$ cat final_15.cif   # mmCIF, C-alpha atoms
data_target
loop_
_atom_site.group_PDB
_atom_site.id
_atom_site.type_symbol
_atom_site.label_atom_id
_atom_site.label_comp_id
_atom_site.auth_asym_id
_atom_site.auth_seq_id
_atom_site.Cartn_x
_atom_site.Cartn_y
_atom_site.Cartn_z
ATOM 1 C CA ARG A 19 12.432 10.435 -20.975
ATOM 2 C CA GLN A 20 9.488 11.396 -18.793
ATOM 3 C CA GLU A 21 11.044 13.533 -16.066
ATOM 4 C CA LYS A 22 7.938 14.422 -14.038
ATOM 5 C CA ALA A 23 5.374 12.197 -12.396
ATOM 6 C CA LYS A 24 1.668 12.836 -12.883
ATOM 7 C CA VAL A 25 1.336 13.705 -9.188
ATOM 8 C CA PRO A 26 3.390 16.395 -7.421
ATOM 9 C CA SER A 27 3.565 14.716 -4.020
ATOM 10 C CA LEU A 28 2.590 11.795 -1.810
ATOM 11 C CA SER A 29 1.771 12.527 1.828
ATOM 12 C CA LEU A 30 1.619 9.561 4.215
ATOM 13 C CA ASP A 31 -0.250 9.557 7.493
ATOM 14 C CA ARG A 32 2.688 9.277 9.877
ATOM 15 C CA HIS A 33 0.985 6.757 12.181
ATOM 16 C CA ALA A 34 0.041 4.440 9.306
ATOM 17 C CA ALA A 35 3.511 4.701 7.790
ATOM 18 C CA ASN A 36 5.187 4.082 11.139
ATOM 19 C CA MET A 37 3.075 0.988 11.868
ATOM 20 C CA PHE A 38 3.992 -0.446 8.468
ATOM 21 C CA GLN A 39 7.722 0.159 8.809
ATOM 22 C CA GLN A 40 7.764 -1.064 12.419
ATOM 23 C CA TYR A 41 6.297 -4.396 11.366
ATOM 24 C CA VAL A 42 8.663 -4.962 8.447
ATOM 25 C CA SER A 43 11.713 -3.834 10.443
ATOM 26 C CA GLN A 44 10.964 -5.446 13.804
ATOM 27 C CA ALA A 45 8.715 -8.461 13.195
ATOM 28 C CA LEU A 46 10.013 -9.375 9.733
ATOM 29 C CA ALA A 47 13.484 -7.814 10.026
ATOM 30 C CA PHE A 48 13.264 -6.999 6.304
ATOM 31 C CA SER A 49 13.775 -10.723 5.641
ATOM 32 C CA VAL A 50 10.856 -10.894 3.194
ATOM 33 C CA LYS A 51 8.879 -8.385 1.177
ATOM 34 C CA ARG A 52 5.642 -6.964 2.567
ATOM 35 C CA GLY A 53 2.973 -4.916 0.841
ATOM 36 C CA GLY A 54 -0.196 -2.952 1.341
ATOM 37 C CA LEU A 55 -2.757 -0.832 -0.476
ATOM 38 C CA MET A 56 -2.870 2.866 0.344
ATOM 39 C CA TYR A 57 -6.194 4.685 0.687
ATOM 40 C CA GLY A 58 -6.890 8.390 0.886
ATOM 41 C CA THR A 59 -7.655 11.288 -1.428
ATOM 42 C CA VAL A 60 -6.305 13.024 -4.525
ATOM 43 C CA GLY A 61 -6.355 16.824 -4.459
ATOM 44 C CA GLU A 62 -7.251 19.176 -7.302
ATOM 45 C CA GLU A 63 -3.587 19.614 -8.216
ATOM 46 C CA GLY A 64 -3.075 15.851 -8.172
ATOM 47 C CA ALA A 65 -1.373 15.654 -4.760
ATOM 48 C CA VAL A 66 -2.016 12.283 -3.133
ATOM 49 C CA LYS A 67 -2.776 12.011 0.577
ATOM 50 C CA VAL A 68 -2.794 8.577 2.265
ATOM 51 C CA ASP A 69 -4.791 8.126 5.474
ATOM 52 C CA PHE A 70 -4.640 4.352 5.976
ATOM 53 C CA ILE A 71 -2.842 1.290 4.649
ATOM 54 C CA TYR A 72 -4.684 -2.005 4.177
ATOM 55 C CA GLU A 73 -2.501 -5.118 4.265
ATOM 56 C CA PRO A 74 -4.238 -7.881 2.288
ATOM 57 C CA PRO A 75 -3.432 -11.604 2.510
ATOM 58 C CA GLN A 76 -0.142 -12.046 0.668
ATOM 59 C CA ASP A 77 2.775 -14.262 -0.208
ATOM 60 C CA GLY A 78 6.173 -12.666 0.235
ATOM 61 C CA THR A 79 9.719 -13.924 -0.130
ATOM 62 C CA ALA A 80 13.013 -12.055 -0.211
ATOM 63 C CA SER A 81 12.592 -11.412 -3.939
ATOM 64 C CA SER A 82 8.863 -11.711 -4.729
ATOM 65 C CA LEU A 83 5.532 -10.401 -3.493
ATOM 66 C CA LEU A 84 1.982 -11.367 -4.412
ATOM 67 C CA LEU A 85 -0.965 -9.480 -2.910
ATOM 68 C CA HIS A 86 -4.324 -11.279 -2.803
ATOM 69 C CA CYS A 87 -6.625 -8.291 -3.039
ATOM 70 C CA ASP A 88 -9.551 -9.423 -5.176
ATOM 71 C CA GLY A 89 -11.517 -11.189 -2.440
ATOM 72 C CA GLU A 90 -14.460 -10.275 -0.229
ATOM 73 C CA GLU A 91 -12.292 -8.585 2.396
ATOM 74 C CA ALA A 92 -10.737 -6.230 -0.160
ATOM 75 C CA ALA A 93 -14.209 -5.405 -1.498
ATOM 76 C CA THR A 94 -15.286 -4.499 2.044
ATOM 77 C CA VAL A 95 -12.204 -2.267 2.365
ATOM 78 C CA ASP A 96 -13.147 -0.405 -0.813
ATOM 79 C CA LYS A 97 -16.726 0.094 0.389
ATOM 80 C CA LEU A 98 -15.677 1.331 3.831
ATOM 81 C CA ALA A 99 -13.153 3.683 2.258
ATOM 82 C CA GLY A 100 -15.879 5.075 0.005
ATOM 83 C CA VAL A 101 -18.109 5.892 2.977
ATOM 84 C CA LEU A 102 -15.120 7.598 4.630
ATOM 85 C CA GLY A 103 -14.667 9.739 1.516
ATOM 86 C CA MET A 104 -11.511 7.908 0.454
ATOM 87 C CA LYS A 105 -10.393 5.598 -2.323
ATOM 88 C CA ARG A 106 -7.447 3.423 -3.339
ATOM 89 C CA VAL A 107 -4.654 5.853 -4.268
ATOM 90 C CA GLY A 108 -1.484 3.782 -4.272
ATOM 91 C CA TRP A 109 0.380 0.771 -3.007
ATOM 92 C CA ILE A 110 3.374 0.322 -0.725
ATOM 93 C CA PHE A 111 5.925 -2.448 -0.448
ATOM 94 C CA SER A 112 9.090 -3.134 1.479
ATOM 95 C CA GLN A 113 12.214 -4.514 -0.114
ATOM 96 C CA SER A 114 14.142 -7.257 1.658
ATOM 97 C CA SER A 115 17.550 -6.578 3.142
ATOM 98 C CA GLU A 116 19.364 -8.906 0.736
ATOM 99 C CA GLU A 117 22.089 -7.202 -1.286
ATOM 100 C CA ARG A 118 21.142 -5.709 -4.631
ATOM 101 C CA ASP A 119 22.887 -3.490 -7.153
ATOM 102 C CA HIS A 120 19.759 -1.717 -8.370
ATOM 103 C CA LEU A 121 17.044 0.626 -7.159
ATOM 104 C CA LEU A 122 14.085 -1.464 -8.342
ATOM 105 C CA SER A 123 13.978 -4.879 -9.974
ATOM 106 C CA THR A 124 12.161 -5.612 -13.206
ATOM 107 C CA ALA A 125 9.470 -7.455 -11.238
ATOM 108 C CA GLU A 126 8.872 -4.338 -9.123
ATOM 109 C CA VAL A 127 8.725 -2.063 -12.178
ATOM 110 C CA VAL A 128 6.269 -4.441 -13.874
ATOM 111 C CA ASP A 129 4.079 -4.467 -10.754
ATOM 112 C CA MET A 130 4.120 -0.652 -10.743
ATOM 113 C CA GLY A 131 3.075 -0.567 -14.389
ATOM 114 C CA ARG A 132 0.252 -3.038 -13.832
ATOM 115 C CA TRP A 133 -1.104 -1.111 -10.863
ATOM 116 C CA GLN A 134 -0.989 2.218 -12.702
ATOM 117 C CA SER A 135 -2.645 0.708 -15.736
ATOM 118 C CA ARG A 136 -5.392 -0.761 -13.565
ATOM 119 C CA GLU A 137 -5.973 2.108 -11.126
ATOM 120 C CA GLY A 138 -5.215 5.257 -13.129
ATOM 121 C CA GLU A 139 -2.536 7.848 -13.778
ATOM 122 C CA THR A 140 -2.483 9.287 -10.226
ATOM 123 C CA PHE A 141 -1.748 5.908 -8.612
ATOM 124 C CA VAL A 142 1.512 6.062 -6.642
ATOM 125 C CA THR A 143 4.051 3.489 -5.456
ATOM 126 C CA ALA A 144 5.804 3.860 -2.092
ATOM 127 C CA VAL A 145 8.940 1.820 -1.394
ATOM 128 C CA VAL A 146 10.300 1.079 2.085
ATOM 129 C CA SER A 147 13.873 -0.141 2.391
ATOM 130 C CA ILE A 148 16.659 -0.355 4.922
ATOM 131 C CA CYS A 149 19.954 1.387 4.241
ATOM 132 C CA HIS A 150 23.138 0.269 5.990
ATOM 133 C CA SER A 151 26.102 2.578 6.542
ATOM 134 C CA ASP A 152 29.011 3.059 8.925
ATOM 135 C CA GLU A 153 26.696 5.186 11.069
ATOM 136 C CA GLY A 154 24.113 2.412 11.403
ATOM 137 C CA SER A 155 20.922 1.265 9.669
ATOM 138 C CA GLN A 156 18.106 3.561 8.629
ATOM 139 C CA VAL A 157 14.638 2.889 7.213
ATOM 140 C CA GLU A 158 13.916 4.946 4.114
ATOM 141 C CA PHE A 159 10.653 5.809 2.335
ATOM 142 C CA GLU A 160 10.653 6.724 -1.350
ATOM 143 C CA ALA A 161 7.807 7.281 -3.790
ATOM 144 C CA TYR A 162 7.597 6.820 -7.559
ATOM 145 C CA GLN A 163 5.382 6.521 -10.543
ATOM 146 C CA CYS A 164 6.453 4.715 -13.669
ATOM 147 C CA SER A 165 6.441 6.560 -16.977
ATOM 148 C CA GLU A 166 3.594 6.382 -19.468
ATOM 149 C CA GLN A 167 5.948 4.503 -21.803
ATOM 150 C CA CYS A 168 6.580 1.901 -19.101
ATOM 151 C CA THR A 169 2.872 1.430 -18.387
ATOM 152 C CA LYS A 170 2.223 0.930 -22.099
ATOM 153 C CA LEU A 171 5.076 -1.572 -22.486
ATOM 154 C CA VAL A 172 3.911 -3.531 -19.431
ATOM 155 C CA SER A 173 0.327 -3.667 -20.713
ATOM 156 C CA GLU A 174 1.494 -4.914 -24.119
ATOM 157 C CA GLY A 175 3.751 -7.626 -22.642
ATOM 158 C CA TRP A 176 7.202 -6.319 -23.578
ATOM 159 C CA PHE A 177 8.746 -7.375 -20.228
ATOM 160 C CA GLU A 178 7.535 -10.974 -20.227
ATOM 161 C CA GLY A 179 10.785 -12.483 -21.497
ATOM 162 C CA SER A 180 13.023 -10.494 -19.161
ATOM 163 C CA PRO A 181 14.776 -11.766 -16.017
ATOM 164 C CA MET A 182 12.668 -10.363 -13.186
ATOM 165 C CA ASP A 183 15.287 -10.012 -10.439
ATOM 166 C CA LYS A 184 17.681 -7.617 -12.204
ATOM 167 C CA GLY A 185 17.963 -3.846 -12.403
ATOM 168 C CA ILE A 186 18.058 -3.957 -16.207
ATOM 169 C CA SER A 187 15.070 -5.129 -18.256
ATOM 170 C CA GLU A 188 15.358 -7.033 -21.510
ATOM 171 C CA LEU A 189 12.475 -5.937 -23.720
ATOM 172 C CA THR A 190 10.941 -8.037 -26.450
ATOM 173 C CA ASN A 191 8.240 -6.941 -28.875
ATOM 174 C CA PRO A 192 5.517 -9.549 -28.273
ATOM 175 C CA GLU A 193 4.302 -9.181 -31.875
ATOM 176 C CA GLU A 194 7.774 -9.283 -33.471
ATOM 177 C CA PRO A 195 10.056 -11.117 -31.016
ATOM 178 C CA GLY A 196 12.870 -11.441 -33.578
ATOM 179 C CA ILE A 197 13.695 -7.709 -33.647
ATOM 180 C CA GLU A 198 17.126 -7.271 -32.016
ATOM 181 C CA LYS A 199 16.613 -3.740 -30.620
ATOM 182 C CA PRO A 200 12.842 -3.288 -30.392
ATOM 183 C CA VAL A 201 12.380 -0.126 -28.306
ATOM 184 C CA VAL A 202 13.570 3.481 -28.583
ATOM 185 C CA VAL A 203 15.295 4.854 -25.475
ATOM 186 C CA ALA A 204 16.862 8.336 -25.464
ATOM 187 C CA GLY A 205 16.519 8.398 -29.235
ATOM 188 C CA LEU A 206 18.407 5.110 -29.716
ATOM 189 C CA ASP A 207 17.187 1.623 -30.520
ATOM 190 C CA ALA A 208 17.686 -0.657 -27.520
ATOM 191 C CA LYS A 209 16.835 -4.060 -26.089
ATOM 192 C CA GLN A 210 18.207 -3.656 -22.551
ATOM 193 C CA VAL A 211 16.958 -0.730 -20.476
ATOM 194 C CA ASP A 212 18.035 0.334 -16.990
ATOM 195 C CA ASN A 213 14.898 0.274 -14.847
ATOM 196 C CA GLU A 214 15.625 3.744 -13.496
ATOM 197 C CA TRP A 215 14.815 5.062 -16.969
ATOM 198 C CA PHE A 216 11.156 4.215 -16.318
ATOM 199 C CA LEU A 217 10.912 5.850 -12.868
ATOM 200 C CA CYS A 218 9.502 9.288 -12.049
ATOM 201 C CA PRO A 219 10.303 10.297 -8.451
ATOM 202 C CA VAL A 220 7.472 11.707 -6.346
ATOM 203 C CA ASN A 221 8.060 14.144 -3.487
ATOM 204 C CA ILE A 222 7.177 12.415 -0.214
ATOM 205 C CA LEU A 223 5.588 14.219 2.763
ATOM 206 C CA ASP A 224 3.815 13.249 5.967
ATOM 207 C CA HIS A 225 0.763 14.422 7.899
ATOM 208 C CA GLU A 226 -1.533 13.430 10.748
ATOM 209 C CA GLY A 227 -4.792 12.216 9.258
ATOM 210 C CA PRO A 228 -8.249 11.729 10.749
ATOM 211 C CA LEU A 229 -7.798 8.041 11.633
ATOM 212 C CA LYS A 230 -5.887 6.311 14.411
ATOM 213 C CA CYS A 231 -3.788 3.204 13.877
ATOM 214 C CA GLU A 232 -3.982 1.427 17.237
ATOM 215 C CA PHE A 233 -6.041 -1.724 16.643
ATOM 216 C CA PRO A 234 -4.029 -4.805 15.567
ATOM 217 C CA ILE A 235 -3.574 -4.849 11.808
ATOM 218 C CA GLU A 236 -5.113 -7.535 9.627
ATOM 219 C CA ASN A 237 -3.353 -10.474 7.939
ATOM 220 C CA ARG A 238 -0.156 -10.277 9.947
ATOM 221 C CA LEU A 239 1.745 -12.880 11.940
ATOM 222 C CA THR A 240 0.712 -10.986 15.072
ATOM 223 C CA PRO A 241 -2.686 -11.989 16.562
ATOM 224 C CA GLN A 242 -5.939 -10.183 15.826
ATOM 225 C CA GLY A 243 -8.635 -12.018 17.773
ATOM 226 C CA MET A 244 -11.138 -11.744 20.604
ATOM 227 C CA ALA A 245 -8.474 -11.221 23.262
ATOM 228 C CA GLU A 246 -7.035 -8.281 21.304
ATOM 229 C CA LEU A 247 -10.540 -6.920 20.708
ATOM 230 C CA ARG A 248 -11.349 -7.010 24.438
ATOM 231 C CA ASP A 249 -8.052 -5.338 25.345
ATOM 232 C CA PHE A 250 -8.663 -2.624 22.755
ATOM 233 C CA LEU A 251 -12.233 -1.923 23.913
ATOM 234 C CA GLN A 252 -11.278 -1.857 27.597
ATOM 235 C CA GLY A 253 -8.539 0.639 26.840
ATOM 236 C CA GLU A 254 -11.014 2.847 24.954
ATOM 237 C CA LYS A 255 -14.037 2.544 27.256
ATOM 238 C CA HIS A 256 -13.907 6.165 28.460
ATOM 239 C CA ARG A 257 -13.820 7.650 24.953
ATOM 240 C CA PRO A 258 -16.876 8.424 22.807
ATOM 241 C CA LEU A 259 -17.618 5.516 20.464
ATOM 242 C CA VAL A 260 -17.145 7.630 17.326
ATOM 243 C CA GLN A 261 -13.553 8.260 18.412
ATOM 244 C CA VAL A 262 -13.004 4.576 19.114
ATOM 245 C CA LEU A 263 -14.308 3.746 15.638
ATOM 246 C CA ALA A 264 -11.894 6.187 13.973
ATOM 247 C CA ASP A 265 -9.418 3.360 13.381
ATOM 248 C CA PHE A 266 -9.760 1.718 9.994
ATOM 249 C CA HIS A 267 -8.396 -1.632 11.122
ATOM 250 C CA PHE A 268 -11.007 -1.756 13.881
ATOM 251 C CA LEU A 269 -13.787 -0.947 11.410
ATOM 252 C CA LEU A 270 -12.565 -3.700 9.082
ATOM 253 C CA TYR A 271 -12.439 -6.176 11.960
ATOM 254 C CA LEU A 272 -16.054 -5.398 12.869
ATOM 255 C CA ALA A 273 -17.139 -5.982 9.277
ATOM 256 C CA ALA A 274 -14.931 -8.894 8.223
ATOM 257 C CA LYS A 275 -14.439 -10.826 11.469
ATOM 258 C CA LEU A 276 -17.357 -9.954 13.747
ATOM 259 C CA GLY A 277 -19.743 -9.920 10.798
ATOM 260 C CA LEU A 278 -21.718 -6.744 11.466
ATOM 261 C CA GLU A 279 -24.264 -6.137 8.724
ATOM 262 C CA TRP A 280 -23.232 -3.724 5.985
ATOM 263 C CA GLY A 281 -26.044 -1.294 6.848
ATOM 264 C CA ASP A 282 -24.660 -0.985 10.366
ATOM 265 C CA MET A 283 -21.084 -0.678 9.106
ATOM 266 C CA ALA A 284 -22.109 2.076 6.693
ATOM 267 C CA THR A 285 -23.748 3.952 9.572
ATOM 268 C CA LEU A 286 -20.642 3.621 11.749
ATOM 269 C CA ALA A 287 -18.228 4.627 8.978
ATOM 270 C CA ALA A 288 -20.423 7.614 8.058
ATOM 271 C CA ALA A 289 -20.330 8.761 11.683
ATOM 272 C CA VAL A 290 -16.524 8.594 11.612
ATOM 273 C CA ALA A 291 -16.493 10.662 8.417
ATOM 274 C CA THR A 292 -18.741 13.381 9.836
ATOM 275 C CA GLY A 293 -17.746 13.204 13.510
ATOM 276 C CA ASP A 294 -21.365 12.671 14.560
ATOM 277 C CA GLU A 295 -21.923 10.660 17.729
ATOM 278 C CA VAL A 296 -23.051 7.047 17.525
ATOM 279 C CA GLY A 297 -25.955 5.635 19.555
ATOM 280 C CA ASP A 298 -25.081 3.740 22.747
ATOM 281 C CA GLY A 299 -26.785 0.675 21.320
ATOM 282 C CA TYR A 300 -23.847 0.076 18.997
ATOM 283 C CA ARG A 301 -21.384 0.102 21.886
ATOM 284 C CA LEU A 302 -23.516 -2.481 23.701
ATOM 285 C CA ILE A 303 -23.665 -4.666 20.593
ATOM 286 C CA ILE A 304 -19.909 -4.521 20.001
ATOM 287 C CA GLU A 305 -19.035 -5.144 23.666
ATOM 288 C CA SER A 306 -21.508 -8.026 23.813
ATOM 289 C CA MET A 307 -19.945 -9.638 20.745
ATOM 290 C CA ALA A 308 -16.547 -9.230 22.394
ATOM 291 C CA GLY A 309 -17.775 -10.956 25.556
ATOM 292 C CA LEU A 310 -17.587 -7.883 27.786
#

$ encode --input "final_15.cif" --output "structure tokens"
Amino acid sequence: RQEKAKVPSLSLDRHAANMFQQYVSQALAFSVKRGGLMYGTVGEEGAVKVDFIYEPPQDGTASSLLLHCDGEEAATVDKLAGVLGMKRVGWIFSQSSEERDHLLSTAEVVDMGRWQSREGETFVTAVVSICHSDEGSQVEFEAYQCSEQCTKLVSEGWFEGSPMDKGISELTNPEEPGIEKPVVVAGLDAKQVDNEWFLCPVNILDHEGPLKCEFPIENRLTPQGMAELRDFLQGEKHRPLVQVLADFHFLLYLAAKLGLEWGDMATLAAAVATGDEVGDGYRLIIESMAGL
């Protein structure tokens, strides 16, 4: 069994993490699953630091989650992150509050394996859940990677015949489906494997990163339109523009919704990365587009 993850720790920007858990606990009441892509940096020792969470368009139910992150908006996110000196480093999802007798379902383990296979060995999964006890309810954050064996089995299709909503996976060799016990676990031939066998816990930390998280977040049930833009700008009018721009969700709104040209967006994002001031002309353009 692989005991250690490839990364020693995952540190979440506390504002980004809090905005995510507030939405799933207050607006959604943990009734359905919610997900996002985490962006930040990977240190020399492999430690992952997350500075913002992008929430793509998605379909979530109590037991399933599908992120639509291959469109133009997601491509813009990747480009903006690159200018900020960041990249996609993990993904986060919330579990629903429905009762379960397992830590992670087969569907969740398979999603982890697919993401790690696609994004690389330092890609991390963060899980947000609500825990009920006699003392009340508490939101919990946990972080994992799946083992190299799991990633390989997912890539080769060994989980495809398994029930997806259980805590035990039924593995089938896609090339020889008739083999009764097709995989070796703890030195023994097996067909059913507890999903916890595939998990490598990651130490979870928090920090205050360089970006704010005050502008309404994209692709939520809550509004993100011109009225919200005007309220945001009026509340920030006495601050230097480079400080106002240091909110990833605001930058994405300017690019994806207001349609600022990429050359301008690259200039603005680069100013955020370096802390250099931005010309007053950009403030006039943004306020004009907002109707101020």

$ closest_atom_pairs --input "final_15.cif" --of "range 67-133 of chain A" --to "range 265-285 of chain A" --cutoff "9 Å" --atoms "all atoms listed in the file" --output "CSV"
residue,atom,partner,partner_atom,distance
A:Phe70,CA,A:Phe266,CA,7.0
A:Ile71,CA,A:Phe266,CA,8.8
A:Tyr72,CA,A:His267,CA,7.9
A:Glu90,CA,A:Ala274,CA,8.6
A:Glu91,CA,A:Ala274,CA,6.4
A:Thr94,CA,A:Leu270,CA,7.6
A:Val95,CA,A:Leu270,CA,6.9
A:Lys97,CA,A:Ala284,CA,8.5
A:Leu98,CA,A:Ala284,CA,7.1
A:Ala99,CA,A:Phe266,CA,8.7
A:Val101,CA,A:Ala284,CA,6.7

$ residues_around --input "final_15.cif" --residues "Asn237 in chain A" --least-positions-apart "3" --cutoff "8 Å" --atoms "only C-alpha atoms" --output "PyMOL selection string"
chain A and resi 73-75

$ atom_distance --input "final_15.cif" --atom1 "CA of Val220 in chain A" --atom2 "CA of Glu158 in chain A"
14.0 Å

$ atom_distance --input "final_15.cif" --atom1 "CA of Val128 in chain A" --atom2 "CA of Gln113 in chain A"
15.0 Å

$ resolve_selection --input "final_15.cif" --expression "the PyMOL selection byres ((chain A and resi 144) around 7)" --output "count of residues only"
11
